[in-house]
>>> print(open('run-v5.cif').read())   # mmCIF, C-alpha atoms, pLDDT in the B column; chains and numbers go by the auth columns
data_work
loop_
_atom_site.group_PDB
_atom_site.id
_atom_site.type_symbol
_atom_site.label_atom_id
_atom_site.label_comp_id
_atom_site.label_asym_id
_atom_site.label_seq_id
_atom_site.Cartn_x
_atom_site.Cartn_y
_atom_site.Cartn_z
_atom_site.B_iso_or_equiv
_atom_site.auth_seq_id
_atom_site.auth_asym_id
ATOM 1 C CA MET A 1 93.151 125.741 4.128 58.00 79 A
ATOM 2 C CA HIS A 2 93.457 122.789 1.754 65.00 80 A
ATOM 3 C CA VAL A 3 96.512 120.569 1.995 66.00 81 A
ATOM 4 C CA GLY A 4 97.830 117.168 1.072 64.00 82 A
ATOM 5 C CA PRO A 5 100.542 114.672 2.016 64.00 83 A
ATOM 6 C CA GLY A 6 103.400 116.871 0.720 69.00 84 A
ATOM 7 C CA ALA A 7 102.554 119.902 2.885 71.00 85 A
ATOM 8 C CA GLY A 8 105.007 119.442 5.764 75.00 86 A
ATOM 9 C CA GLU A 9 103.432 119.161 9.204 77.00 87 A
ATOM 10 C CA TYR A 10 100.051 119.908 7.649 75.00 88 A
ATOM 11 C CA GLY A 11 100.311 116.792 5.511 73.00 89 A
ATOM 12 C CA ALA A 12 100.457 114.571 8.604 76.00 90 A
ATOM 13 C CA PHE A 13 96.788 115.379 9.224 74.00 91 A
ATOM 14 C CA GLN A 14 95.520 114.705 5.707 71.00 92 A
ATOM 15 C CA PRO A 15 95.908 111.460 3.744 70.00 93 A
ATOM 16 C CA GLY A 16 94.964 112.992 0.386 73.00 94 A
ATOM 17 C CA ALA A 17 95.334 116.265 -1.475 72.00 95 A
ATOM 18 C CA GLY A 18 92.814 119.112 -1.372 73.00 96 A
ATOM 19 C CA ILE A 19 91.230 118.242 1.970 72.00 97 A
ATOM 20 C CA ALA A 20 90.256 121.072 4.310 75.00 98 A
ATOM 21 C CA MET A 21 91.897 121.206 7.725 75.00 99 A
ATOM 22 C CA SER A 22 89.961 121.751 10.914 81.00 100 A
ATOM 23 C CA PHE A 23 90.584 124.429 13.533 84.00 101 A
ATOM 24 C CA ASP A 24 91.810 121.743 15.958 84.00 102 A
ATOM 25 C CA ASP A 25 94.390 120.440 13.470 83.00 103 A
ATOM 26 C CA LEU A 26 95.714 123.944 12.879 84.00 104 A
ATOM 27 C CA LYS A 27 95.964 124.613 16.634 89.00 105 A
ATOM 28 C CA VAL A 28 97.982 121.419 17.142 89.00 106 A
ATOM 29 C CA ILE A 29 100.472 122.547 14.487 87.00 107 A
ATOM 30 C CA GLU A 30 100.567 126.071 15.933 89.00 108 A
ATOM 31 C CA ALA A 31 101.318 124.694 19.417 92.00 109 A
ATOM 32 C CA TYR A 32 104.028 122.425 17.956 91.00 110 A
ATOM 33 C CA GLU A 33 105.711 125.368 16.209 90.00 111 A
ATOM 34 C CA PHE A 34 105.494 127.476 19.395 92.00 112 A
ATOM 35 C CA LEU A 35 107.067 124.775 21.566 94.00 113 A
ATOM 36 C CA ARG A 36 109.690 124.049 18.910 94.00 114 A
ATOM 37 C CA SER A 37 110.613 127.756 18.902 94.00 115 A
ATOM 38 C CA ILE A 38 111.104 127.679 22.669 95.00 116 A
ATOM 39 C CA ALA A 39 113.106 124.436 22.615 97.00 117 A
ATOM 40 C CA GLU A 40 115.394 125.500 19.759 96.00 118 A
ATOM 41 C CA GLY A 41 115.611 129.182 20.648 95.00 119 A
ATOM 42 C CA VAL A 42 114.735 130.310 17.119 93.00 120 A
ATOM 43 C CA PRO A 43 111.353 131.436 15.781 89.00 121 A
ATOM 44 C CA HIS A 44 109.255 129.073 13.683 88.00 122 A
ATOM 45 C CA GLY A 45 106.241 130.679 12.081 83.00 123 A
ATOM 46 C CA ALA A 46 104.925 134.181 12.617 82.00 124 A
ATOM 47 C CA GLU A 47 106.707 136.583 14.952 86.00 125 A
ATOM 48 C CA VAL A 48 105.580 139.753 16.754 89.00 126 A
ATOM 49 C CA ARG A 49 107.035 141.904 13.972 90.00 127 A
ATOM 50 C CA ASP A 50 104.742 140.073 11.518 90.00 128 A
ATOM 51 C CA ALA A 51 101.730 141.008 13.659 91.00 129 A
ATOM 52 C CA VAL A 52 102.876 144.645 13.879 93.00 130 A
ATOM 53 C CA ARG A 53 103.325 144.836 10.103 93.00 131 A
ATOM 54 C CA CYS A 54 99.880 143.298 9.619 94.00 132 A
ATOM 55 C CA ALA A 55 98.348 145.901 11.933 95.00 133 A
ATOM 56 C CA LEU A 56 100.037 148.718 9.999 95.00 134 A
ATOM 57 C CA VAL A 57 98.700 147.362 6.714 95.00 135 A
ATOM 58 C CA LEU A 58 95.176 146.996 8.126 96.00 136 A
ATOM 59 C CA ASP A 59 95.266 150.559 9.470 95.00 137 A
ATOM 60 C CA ALA A 60 96.316 151.818 6.035 95.00 138 A
ATOM 61 C CA VAL A 61 93.558 149.814 4.338 96.00 139 A
ATOM 62 C CA ALA A 62 90.943 151.229 6.723 97.00 140 A
ATOM 63 C CA GLU A 63 92.188 154.788 6.163 96.00 141 A
ATOM 64 C CA ALA A 64 92.222 154.314 2.392 96.00 142 A
ATOM 65 C CA ALA A 65 88.673 152.975 2.468 96.00 143 A
ATOM 66 C CA ALA A 66 87.498 155.894 4.613 97.00 144 A
ATOM 67 C CA THR A 67 89.206 158.605 2.577 96.00 145 A
ATOM 68 C CA GLY A 68 89.074 157.077 -0.881 95.00 146 A
ATOM 69 C CA SER A 69 92.728 157.845 -1.427 95.00 147 A
ATOM 70 C CA ARG A 70 95.941 155.903 -1.552 94.00 148 A
ATOM 71 C CA VAL A 71 97.682 155.499 1.807 95.00 149 A
ATOM 72 C CA GLU A 72 101.328 154.569 2.242 94.00 150 A
ATOM 73 C CA VAL A 73 102.029 151.842 4.775 93.00 151 A
ATOM 74 C CA PRO A 74 104.557 153.135 7.311 84.00 152 A
ATOM 75 C CA THR A 75 107.783 151.179 7.657 81.00 153 A
ATOM 76 C CA ARG A 76 108.775 150.818 11.279 67.00 154 A
#
>>> encode(input="run-v5.cif", output="structure tokens")
Amino acid sequence: MHVGPGAGEYGAFQPGAGIAMSFDDLKVIEAYEFLRSIAEGVPHGAEVRDAVRCALVLDAVAEAAATGSRVEVPTR
């Protein structure tokens, strides 16, 4: 991920634009968003439903690759 000073919390880690972020920097921001979600009682960032949707899309992609045909992504 490349970011710069105007990229919200990400910008606090990078003094200039177009600089790659490290795994550690990203984990600090992820932990901040997680704790903020707990403190405020509202989600910040990805939620479980985002992970479920991602899994459904990946399953459809794998099936499409295996069968060579178009696969509809289920909506749950």
>>> residues_near_point(input="run-v5.cif", point="(109.8, 151.5, 10.0)", cutoff="12 Å", atoms="only C-alpha atoms", output="PyMOL selection string")
chain A and resi 127+130-131+134+150-154
>>> resolve_selection(input="run-v5.cif", expression="the PyMOL selection byres ((chain A and resi 107-112) around 9)", output="list in words")
Glu87, Tyr88, Asp102, Asp103, Leu104, Lys105, Val106, Leu113, Arg114, Ser115, Ile116, Ala117, Pro121, His122 and Gly123 of chain A
>>> closest_residue(input="run-v5.cif", among="A:Val149, A:Ala124, A:Ala85, A:Ala140", to="Ile97 of chain A", atoms="all atoms listed in the file")
A:Ala85
>>> atom_distance(input="run-v5.cif", atom1="atom CA of Gly86 of chain A", atom2="atom CA of Phe101 of chain A")
17.1 Å
>>> atom_distance(input="run-v5.cif", atom1="atom CA of Ser100 of chain A", atom2="atom CA of Glu125 of chain A")
22.7 Å
